Amino acid sequence: GGGAVNALEWAGTMLGAVARWNDIRTAGGGPAISVSIGLHFGPVVLGDIGANRLEYAVIGNTVNVASRIEAMTRGLGVKLAASDAFIAEVRKLEQNHPALVPLTLVPDQAVRGVDQHVDIWTAGPV
């Protein structure tokens, strides 16, 4: 629960920081960078992974689904997409968290590798 709240807050902070940085970059004639975030909740494996070269990583189905939800941001025209499972975890701890306010429900979405359709919550136009 608490991790989901922290992740949602972090996502908003990161998107805000990128927007401010892009203002500076474009004012100086540089290109804007694009950042999008996908959020999902569930069990993961965290640790050193690999045989010949150890790499600290997070793996598992939850990570795969979060990555696929992030990929959906482009088609949905948003900066952030979160699964209903993720939002449910946030609401368990803080039903009316301010970061939930700008989210819009996009119901019944097909997520690659997920058997059933998923309700997705989105924020921030591209």
# chains A, B, ... in the order shown; residues from 1 in each chain; ligands from 1
$ select_by_dssp --residues "chain A" --states "strand (DSSP E or B)" --output "JSON, numbers by chain"
{"A": [37, 38, 39, 45, 46, 47, 48, 49, 55, 56, 57, 58, 59, 78, 79, 80, 81, 82, 83, 104, 105, 106, 107, 108, 109, 118, 119, 120, 121, 122, 123, 124, 125]}
$ residues_around --residues "Ile59 (chain A)" --least-positions-apart "6" --cutoff "10 Å" --atoms "only C-alpha atoms" --output "ChimeraX atom specification"
/A:43-47,49
$ write_last_selection --atoms "all heavy atoms" --output "short mmCIF file (atom, residue, chain, number, x, y, z; two decimals), in the first residue's frame"
data_model
loop_
_atom_site.label_atom_id
_atom_site.label_comp_id
_atom_site.auth_asym_id
_atom_site.auth_seq_id
_atom_site.Cartn_x
_atom_site.Cartn_y
_atom_site.Cartn_z
N PRO A 43 3.57 -8.75 -6.81
CA PRO A 43 4.86 -9.27 -6.34
C PRO A 43 5.93 -9.20 -7.43
O PRO A 43 5.64 -9.33 -8.62
CB PRO A 43 4.55 -10.73 -5.99
CG PRO A 43 3.37 -11.07 -6.84
CD PRO A 43 2.58 -9.80 -6.99
N VAL A 44 7.18 -8.96 -7.00
CA VAL A 44 8.33 -8.92 -7.91
C VAL A 44 9.49 -9.65 -7.26
O VAL A 44 9.48 -9.91 -6.05
CB VAL A 44 8.76 -7.47 -8.24
CG1 VAL A 44 7.65 -6.72 -8.96
CG2 VAL A 44 9.19 -6.73 -7.00
N VAL A 45 10.50 -9.95 -8.04
CA VAL A 45 11.76 -10.49 -7.54
C VAL A 45 12.79 -9.38 -7.71
O VAL A 45 12.95 -8.83 -8.79
CB VAL A 45 12.19 -11.75 -8.32
CG1 VAL A 45 13.56 -12.22 -7.86
CG2 VAL A 45 11.15 -12.84 -8.15
N LEU A 46 13.51 -9.07 -6.62
CA LEU A 46 14.49 -7.99 -6.61
C LEU A 46 15.81 -8.54 -6.14
O LEU A 46 15.87 -9.25 -5.13
CB LEU A 46 14.02 -6.87 -5.67
CG LEU A 46 15.00 -5.78 -5.31
CD1 LEU A 46 15.27 -4.90 -6.51
CD2 LEU A 46 14.47 -4.95 -4.15
N GLY A 47 16.87 -8.24 -6.87
CA GLY A 47 18.19 -8.69 -6.42
C GLY A 47 19.18 -8.77 -7.55
O GLY A 47 18.93 -8.32 -8.66
N ILE A 49 20.91 -10.49 -10.42
CA ILE A 49 20.44 -11.49 -11.37
C ILE A 49 21.51 -11.67 -12.44
O ILE A 49 22.10 -10.70 -12.91
CB ILE A 49 19.11 -11.02 -12.00
CG1 ILE A 49 18.06 -10.92 -10.90
CG2 ILE A 49 18.66 -11.96 -13.10
CD1 ILE A 49 16.82 -10.18 -11.29
#
$ residues_around --residues "Glu89 (chain A)" --least-positions-apart "4" --cutoff "10 Å" --atoms "only C-alpha atoms" --output "PyMOL selection string"
chain A and resi 1-5+40-42+84-85+93-95
$ atom_distance --atom1 "CA of Pro31 (chain A)" --atom2 "CA of Ala99 (chain A)"
28.3 Å
$ residues_around --residues "region 76-81 of chain A" --least-positions-apart "6" --cutoff "12 Å" --atoms "only C-alpha atoms" --output "mmCIF file with N, CA, C and O atoms, in the first residue's frame"
data_model
loop_
_atom_site.group_PDB
_atom_site.id
_atom_site.type_symbol
_atom_site.label_atom_id
_atom_site.label_comp_id
_atom_site.auth_asym_id
_atom_site.auth_seq_id
_atom_site.Cartn_x
_atom_site.Cartn_y
_atom_site.Cartn_z
ATOM 1 N N ALA A 7 5.045 5.568 -4.991
ATOM 2 C CA ALA A 7 5.274 5.493 -6.436
ATOM 3 C C ALA A 7 4.430 6.520 -7.182
ATOM 4 O O ALA A 7 4.911 7.166 -8.118
ATOM 5 N N LEU A 8 3.177 6.678 -6.768
ATOM 6 C CA LEU A 8 2.300 7.653 -7.427
ATOM 7 C C LEU A 8 2.816 9.072 -7.196
ATOM 8 O O LEU A 8 2.854 9.890 -8.124
ATOM 9 N N GLU A 9 3.238 9.364 -5.968
ATOM 10 C CA GLU A 9 3.785 10.690 -5.673
ATOM 11 C C GLU A 9 5.064 10.930 -6.472
ATOM 12 O O GLU A 9 5.275 12.003 -7.029
ATOM 13 N N TRP A 10 5.928 9.910 -6.523
ATOM 14 C CA TRP A 10 7.180 10.022 -7.273
ATOM 15 C C TRP A 10 6.898 10.280 -8.746
ATOM 16 O O TRP A 10 7.562 11.107 -9.377
ATOM 17 N N ALA A 11 5.929 9.577 -9.313
ATOM 18 C CA ALA A 11 5.603 9.737 -10.728
ATOM 19 C C ALA A 11 5.195 11.177 -11.023
ATOM 20 O O ALA A 11 5.660 11.772 -12.003
ATOM 21 N N GLY A 12 4.337 11.738 -10.176
ATOM 22 C CA GLY A 12 3.925 13.131 -10.370
ATOM 23 C C GLY A 12 5.090 14.096 -10.250
ATOM 24 O O GLY A 12 5.220 15.038 -11.039
ATOM 25 N N THR A 13 5.959 13.854 -9.276
ATOM 26 C CA THR A 13 7.137 14.707 -9.087
ATOM 27 C C THR A 13 8.062 14.621 -10.296
ATOM 28 O O THR A 13 8.559 15.638 -10.789
ATOM 29 N N MET A 14 8.279 13.416 -10.779
ATOM 30 C CA MET A 14 9.168 13.240 -11.926
ATOM 31 C C MET A 14 8.610 13.912 -13.184
ATOM 32 O O MET A 14 9.347 14.592 -13.908
ATOM 33 N N LEU A 15 7.321 13.728 -13.444
ATOM 34 C CA LEU A 15 6.730 14.355 -14.624
ATOM 35 C C LEU A 15 6.787 15.875 -14.527
ATOM 36 O O LEU A 15 7.031 16.559 -15.526
ATOM 37 N N GLY A 16 6.566 16.415 -13.325
ATOM 38 C CA GLY A 16 6.676 17.862 -13.129
ATOM 39 C C GLY A 16 8.090 18.363 -13.353
ATOM 40 O O GLY A 16 8.309 19.409 -13.981
ATOM 41 N N VAL A 18 10.426 16.965 -15.234
ATOM 42 C CA VAL A 18 10.738 16.870 -16.664
ATOM 43 C C VAL A 18 10.089 18.038 -17.416
ATOM 44 O O VAL A 18 10.708 18.628 -18.306
ATOM 45 N N ALA A 19 8.857 18.395 -17.058
ATOM 46 C CA ALA A 19 8.185 19.528 -17.718
ATOM 47 C C ALA A 19 8.971 20.821 -17.486
ATOM 48 O O ALA A 19 9.166 21.611 -18.424
ATOM 49 N N ILE A 33 12.507 16.508 -24.133
ATOM 50 C CA ILE A 33 12.574 15.057 -23.984
ATOM 51 C C ILE A 33 11.198 14.551 -23.578
ATOM 52 O O ILE A 33 10.406 15.282 -22.977
ATOM 53 N N SER A 34 10.921 13.320 -23.911
ATOM 54 C CA SER A 34 9.625 12.733 -23.598
ATOM 55 C C SER A 34 9.802 11.640 -22.554
ATOM 56 O O SER A 34 10.677 10.782 -22.688
ATOM 57 N N VAL A 35 8.994 11.687 -21.515
ATOM 58 C CA VAL A 35 9.010 10.685 -20.459
ATOM 59 C C VAL A 35 7.587 10.204 -20.240
ATOM 60 O O VAL A 35 6.646 11.009 -20.211
ATOM 61 N N SER A 36 7.423 8.893 -20.120
ATOM 62 C CA SER A 36 6.113 8.345 -19.777
ATOM 63 C C SER A 36 6.312 7.268 -18.719
ATOM 64 O O SER A 36 7.380 6.658 -18.629
ATOM 65 N N ILE A 37 5.278 7.050 -17.922
ATOM 66 C CA ILE A 37 5.374 6.158 -16.765
ATOM 67 C C ILE A 37 4.207 5.184 -16.770
ATOM 68 O O ILE A 37 3.062 5.573 -17.005
ATOM 69 N N GLY A 38 4.499 3.918 -16.498
ATOM 70 C CA GLY A 38 3.482 2.888 -16.327
ATOM 71 C C GLY A 38 3.572 2.322 -14.922
ATOM 72 O O GLY A 38 4.664 1.998 -14.455
ATOM 73 N N LEU A 39 2.443 2.218 -14.238
ATOM 74 C CA LEU A 39 2.408 1.748 -12.849
ATOM 75 C C LEU A 39 1.491 0.540 -12.710
ATOM 76 O O LEU A 39 0.382 0.531 -13.233
ATOM 77 N N HIS A 40 1.978 -0.467 -11.995
ATOM 78 C CA HIS A 40 1.205 -1.669 -11.720
ATOM 79 C C HIS A 40 1.610 -2.153 -10.333
ATOM 80 O O HIS A 40 2.667 -1.794 -9.827
ATOM 81 N N VAL A 65 3.984 -6.384 -16.843
ATOM 82 C CA VAL A 65 2.704 -5.692 -17.051
ATOM 83 C C VAL A 65 2.900 -4.180 -16.932
ATOM 84 O O VAL A 65 2.357 -3.411 -17.745
ATOM 85 N N ALA A 66 3.682 -3.722 -15.957
ATOM 86 C CA ALA A 66 3.945 -2.282 -15.814
ATOM 87 C C ALA A 66 4.597 -1.735 -17.078
ATOM 88 O O ALA A 66 4.244 -0.650 -17.558
ATOM 89 N N SER A 67 5.540 -2.491 -17.648
ATOM 90 C CA SER A 67 6.210 -2.071 -18.876
ATOM 91 C C SER A 67 5.221 -1.982 -20.034
ATOM 92 O O SER A 67 5.262 -1.036 -20.837
ATOM 93 N N ARG A 68 4.324 -2.929 -20.122
ATOM 94 C CA ARG A 68 3.330 -2.919 -21.200
ATOM 95 C C ARG A 68 2.321 -1.791 -21.017
ATOM 96 O O ARG A 68 1.858 -1.196 -21.998
ATOM 97 N N ILE A 69 1.987 -1.478 -19.776
ATOM 98 C CA ILE A 69 1.091 -0.341 -19.508
ATOM 99 C C ILE A 69 1.799 0.961 -19.887
ATOM 100 O O ILE A 69 1.193 1.853 -20.488
ATOM 101 N N GLU A 70 3.089 1.062 -19.580
ATOM 102 C CA GLU A 70 3.850 2.252 -19.980
ATOM 103 C C GLU A 70 3.834 2.395 -21.495
ATOM 104 O O GLU A 70 3.657 3.488 -22.021
ATOM 105 N N ILE A 87 -4.078 1.486 -8.515
ATOM 106 C CA ILE A 87 -4.898 2.542 -7.917
ATOM 107 C C ILE A 87 -5.640 2.011 -6.687
ATOM 108 O O ILE A 87 -5.782 2.707 -5.684
ATOM 109 N N ALA A 99 -3.082 13.065 -5.427
ATOM 110 C CA ALA A 99 -2.532 12.632 -6.713
ATOM 111 C C ALA A 99 -3.530 11.825 -7.532
ATOM 112 O O ALA A 99 -3.340 11.622 -8.729
ATOM 113 N N LEU A 100 -4.621 11.387 -6.901
ATOM 114 C CA LEU A 100 -5.659 10.649 -7.625
ATOM 115 C C LEU A 100 -6.573 11.579 -8.422
ATOM 116 O O LEU A 100 -7.201 11.164 -9.389
ATOM 117 N N PRO A 102 -6.228 14.100 -10.640
ATOM 118 C CA PRO A 102 -6.153 14.330 -12.092
ATOM 119 C C PRO A 102 -6.288 13.070 -12.939
ATOM 120 O O PRO A 102 -6.240 13.155 -14.162
ATOM 121 N N LEU A 103 -6.474 11.918 -12.325
ATOM 122 C CA LEU A 103 -6.519 10.672 -13.085
ATOM 123 C C LEU A 103 -7.878 10.468 -13.751
ATOM 124 O O LEU A 103 -8.913 10.779 -13.188
ATOM 125 N N THR A 104 -7.834 9.925 -14.956
ATOM 126 C CA THR A 104 -9.033 9.643 -15.737
ATOM 127 C C THR A 104 -9.109 8.147 -16.010
ATOM 128 O O THR A 104 -8.119 7.544 -16.444
ATOM 129 N N LEU A 105 -10.257 7.555 -15.785
ATOM 130 C CA LEU A 105 -10.457 6.133 -16.033
ATOM 131 C C LEU A 105 -10.655 5.872 -17.522
ATOM 132 O O LEU A 105 -11.464 6.523 -18.177
ATOM 133 N N VAL A 106 -9.880 4.922 -18.039
ATOM 134 C CA VAL A 106 -10.043 4.433 -19.405
ATOM 135 C C VAL A 106 -10.338 2.943 -19.246
ATOM 136 O O VAL A 106 -9.425 2.139 -19.084
ATOM 137 N N PRO A 107 -11.614 2.565 -19.243
ATOM 138 C CA PRO A 107 -11.976 1.184 -18.906
ATOM 139 C C PRO A 107 -11.689 0.163 -20.002
ATOM 140 O O PRO A 107 -11.554 0.513 -21.172
ATOM 141 N N GLN A 109 -9.297 -2.068 -21.137
ATOM 142 C CA GLN A 109 -8.205 -2.007 -22.098
ATOM 143 C C GLN A 109 -7.502 -3.354 -22.227
ATOM 144 O O GLN A 109 -7.254 -4.026 -21.219
ATOM 145 N N VAL A 111 -4.286 -5.389 -22.498
ATOM 146 C CA VAL A 111 -2.865 -5.243 -22.191
ATOM 147 C C VAL A 111 -2.183 -6.513 -22.673
ATOM 148 O O VAL A 111 -2.563 -7.616 -22.277
ATOM 149 N N VAL A 118 -8.101 -4.763 -18.712
ATOM 150 C CA VAL A 118 -7.724 -4.053 -17.491
ATOM 151 C C VAL A 118 -8.254 -2.628 -17.567
ATOM 152 O O VAL A 118 -8.167 -1.989 -18.618
ATOM 153 N N ASP A 119 -8.785 -2.129 -16.450
ATOM 154 C CA ASP A 119 -9.127 -0.710 -16.364
ATOM 155 C C ASP A 119 -7.823 0.052 -16.120
ATOM 156 O O ASP A 119 -7.029 -0.314 -15.256
ATOM 157 N N ILE A 120 -7.595 1.097 -16.907
ATOM 158 C CA ILE A 120 -6.377 1.885 -16.825
ATOM 159 C C ILE A 120 -6.746 3.310 -16.409
ATOM 160 O O ILE A 120 -7.726 3.873 -16.882
ATOM 161 N N TRP A 121 -5.944 3.871 -15.514
ATOM 162 C CA TRP A 121 -6.100 5.255 -15.073
ATOM 163 C C TRP A 121 -4.980 6.063 -15.711
ATOM 164 O O TRP A 121 -3.832 5.652 -15.682
ATOM 165 N N THR A 122 -5.308 7.207 -16.290
ATOM 166 C CA THR A 122 -4.320 7.985 -17.026
ATOM 167 C C THR A 122 -4.267 9.424 -16.525
ATOM 168 O O THR A 122 -5.194 9.932 -15.910
ATOM 169 N N ALA A 123 -3.129 10.086 -16.843
ATOM 170 C CA ALA A 123 -2.971 11.502 -16.516
ATOM 171 C C ALA A 123 -1.966 12.118 -17.478
ATOM 172 O O ALA A 123 -1.068 11.447 -17.970
ATOM 173 N N GLY A 124 -2.115 13.403 -17.695
ATOM 174 C CA GLY A 124 -1.137 14.180 -18.417
ATOM 175 C C GLY A 124 -1.087 13.950 -19.910
ATOM 176 O O GLY A 124 -0.529 12.970 -20.356
ATOM 177 N N PRO A 125 -1.662 14.854 -20.694
ATOM 178 C CA PRO A 125 -1.554 14.712 -22.148
ATOM 179 C C PRO A 125 -0.104 14.794 -22.577
ATOM 180 O O PRO A 125 0.705 15.448 -21.928
ATOM 181 N N VAL A 126 0.192 14.134 -23.692
ATOM 182 C CA VAL A 126 1.564 14.138 -24.214
ATOM 183 C C VAL A 126 1.933 15.533 -24.666
ATOM 184 O O VAL A 126 1.145 16.253 -25.195
#
$ atom_distance --atom1 "CA of Lys92 (chain A)" --atom2 "CA of Asn6 (chain A)"
13.2 Å
$ select_by_dssp --residues "region 72-118 of chain A" --states "helix (DSSP H, G or I)" --output "count of residues only"
18
$ decode --residues "region 70-106 of chain A" --atoms "N, CA and C atoms" --output "mmCIF file, in the first residue's frame"
data_model
loop_
_atom_site.group_PDB
_atom_site.id
_atom_site.type_symbol
_atom_site.label_atom_id
_atom_site.label_comp_id
_atom_site.auth_asym_id
_atom_site.auth_seq_id
_atom_site.Cartn_x
_atom_site.Cartn_y
_atom_site.Cartn_z
ATOM 1 N N GLU A 70 3.089 1.062 -19.580
ATOM 2 C CA GLU A 70 3.850 2.252 -19.980
ATOM 3 C C GLU A 70 3.834 2.395 -21.495
ATOM 4 N N ALA A 71 3.998 1.295 -22.221
ATOM 5 C CA ALA A 71 3.982 1.345 -23.686
ATOM 6 C C ALA A 71 2.635 1.833 -24.212
ATOM 7 N N MET A 72 1.573 1.610 -23.453
ATOM 8 C CA MET A 72 0.233 2.047 -23.869
ATOM 9 C C MET A 72 0.069 3.557 -23.790
ATOM 10 N N THR A 73 0.942 4.261 -23.053
ATOM 11 C CA THR A 73 0.789 5.717 -22.906
ATOM 12 C C THR A 73 0.797 6.416 -24.258
ATOM 13 N N ARG A 74 1.581 5.915 -25.201
ATOM 14 C CA ARG A 74 1.653 6.567 -26.509
ATOM 15 C C ARG A 74 0.327 6.489 -27.246
ATOM 16 N N GLY A 75 -0.264 5.308 -27.263
ATOM 17 C CA GLY A 75 -1.553 5.148 -27.933
ATOM 18 C C GLY A 75 -2.675 5.895 -27.250
ATOM 19 N N LEU A 76 -2.569 6.037 -25.936
ATOM 20 C CA LEU A 76 -3.596 6.753 -25.172
ATOM 21 C C LEU A 76 -3.344 8.266 -25.158
ATOM 22 N N GLY A 77 -2.164 8.688 -25.602
ATOM 23 C CA GLY A 77 -1.836 10.116 -25.637
ATOM 24 C C GLY A 77 -1.657 10.727 -24.266
ATOM 25 N N VAL A 78 -1.040 9.974 -23.348
ATOM 26 C CA VAL A 78 -0.867 10.445 -21.970
ATOM 27 C C VAL A 78 0.580 10.248 -21.512
ATOM 28 N N LYS A 79 0.921 10.858 -20.389
ATOM 29 C CA LYS A 79 2.254 10.714 -19.798
ATOM 30 C C LYS A 79 2.301 9.600 -18.761
ATOM 31 N N LEU A 80 1.160 9.295 -18.131
ATOM 32 C CA LEU A 80 1.128 8.312 -17.061
ATOM 33 C C LEU A 80 -0.066 7.395 -17.237
ATOM 34 N N ALA A 81 0.175 6.097 -17.044
ATOM 35 C CA ALA A 81 -0.910 5.120 -17.067
ATOM 36 C C ALA A 81 -0.684 4.162 -15.900
ATOM 37 N N ALA A 82 -1.747 3.861 -15.178
ATOM 38 C CA ALA A 82 -1.667 2.981 -14.014
ATOM 39 C C ALA A 82 -2.807 1.972 -14.066
ATOM 40 N N SER A 83 -2.505 0.749 -13.644
ATOM 41 C CA SER A 83 -3.547 -0.279 -13.614
ATOM 42 C C SER A 83 -4.520 -0.008 -12.473
ATOM 43 N N ASP A 84 -5.724 -0.557 -12.611
ATOM 44 C CA ASP A 84 -6.715 -0.440 -11.551
ATOM 45 C C ASP A 84 -6.211 -1.112 -10.275
ATOM 46 N N ALA A 85 -5.424 -2.187 -10.412
ATOM 47 C CA ALA A 85 -4.843 -2.862 -9.238
ATOM 48 C C ALA A 85 -3.920 -1.911 -8.478
ATOM 49 N N PHE A 86 -3.154 -1.117 -9.207
ATOM 50 C CA PHE A 86 -2.267 -0.142 -8.573
ATOM 51 C C PHE A 86 -3.070 0.930 -7.841
ATOM 52 N N ILE A 87 -4.078 1.486 -8.515
ATOM 53 C CA ILE A 87 -4.898 2.542 -7.917
ATOM 54 C C ILE A 87 -5.640 2.011 -6.687
ATOM 55 N N ALA A 88 -6.092 0.762 -6.730
ATOM 56 C CA ALA A 88 -6.764 0.152 -5.574
ATOM 57 C C ALA A 88 -5.826 0.112 -4.365
ATOM 58 N N GLU A 89 -4.542 -0.158 -4.581
ATOM 59 C CA GLU A 89 -3.576 -0.171 -3.484
ATOM 60 C C GLU A 89 -3.391 1.221 -2.891
ATOM 61 N N VAL A 90 -3.343 2.233 -3.747
ATOM 62 C CA VAL A 90 -3.239 3.610 -3.259
ATOM 63 C C VAL A 90 -4.460 3.937 -2.403
ATOM 64 N N ARG A 91 -5.647 3.591 -2.904
ATOM 65 C CA ARG A 91 -6.892 3.923 -2.200
ATOM 66 C C ARG A 91 -7.040 3.181 -0.876
ATOM 67 N N LYS A 92 -6.420 2.000 -0.750
ATOM 68 C CA LYS A 92 -6.458 1.276 0.525
ATOM 69 C C LYS A 92 -5.850 2.106 1.641
ATOM 70 N N LEU A 93 -4.795 2.829 1.307
ATOM 71 C CA LEU A 93 -4.097 3.621 2.309
ATOM 72 C C LEU A 93 -4.639 5.042 2.402
ATOM 73 N N GLU A 94 -4.900 5.644 1.246
ATOM 74 C CA GLU A 94 -5.371 7.040 1.203
ATOM 75 C C GLU A 94 -6.450 7.184 0.140
ATOM 76 N N GLN A 95 -7.681 6.955 0.546
ATOM 77 C CA GLN A 95 -8.825 6.961 -0.378
ATOM 78 C C GLN A 95 -8.893 8.221 -1.236
ATOM 79 N N ASN A 96 -8.571 9.371 -0.638
ATOM 80 C CA ASN A 96 -8.701 10.640 -1.356
ATOM 81 C C ASN A 96 -7.358 11.329 -1.551
ATOM 82 N N HIS A 97 -6.338 10.565 -1.854
ATOM 83 C CA HIS A 97 -5.010 11.147 -2.052
ATOM 84 C C HIS A 97 -5.080 12.182 -3.181
ATOM 85 N N PRO A 98 -4.466 13.354 -2.984
ATOM 86 C CA PRO A 98 -4.543 14.408 -4.008
ATOM 87 C C PRO A 98 -4.023 13.987 -5.380
ATOM 88 N N ALA A 99 -3.082 13.065 -5.427
ATOM 89 C CA ALA A 99 -2.532 12.632 -6.713
ATOM 90 C C ALA A 99 -3.530 11.825 -7.532
ATOM 91 N N LEU A 100 -4.621 11.387 -6.901
ATOM 92 C CA LEU A 100 -5.659 10.649 -7.625
ATOM 93 C C LEU A 100 -6.573 11.579 -8.422
ATOM 94 N N VAL A 101 -6.642 12.840 -8.007
ATOM 95 C CA VAL A 101 -7.591 13.792 -8.583
ATOM 96 C C VAL A 101 -7.453 13.950 -10.103
ATOM 97 N N PRO A 102 -6.228 14.100 -10.640
ATOM 98 C CA PRO A 102 -6.153 14.330 -12.092
ATOM 99 C C PRO A 102 -6.288 13.070 -12.939
ATOM 100 N N LEU A 103 -6.474 11.918 -12.325
ATOM 101 C CA LEU A 103 -6.519 10.672 -13.085
ATOM 102 C C LEU A 103 -7.878 10.468 -13.751
ATOM 103 N N THR A 104 -7.834 9.925 -14.956
ATOM 104 C CA THR A 104 -9.033 9.643 -15.737
ATOM 105 C C THR A 104 -9.109 8.147 -16.010
ATOM 106 N N LEU A 105 -10.257 7.555 -15.785
ATOM 107 C CA LEU A 105 -10.457 6.133 -16.033
ATOM 108 C C LEU A 105 -10.655 5.872 -17.522
ATOM 109 N N VAL A 106 -9.880 4.922 -18.039
ATOM 110 C CA VAL A 106 -10.043 4.433 -19.405
ATOM 111 C C VAL A 106 -10.338 2.943 -19.246
#
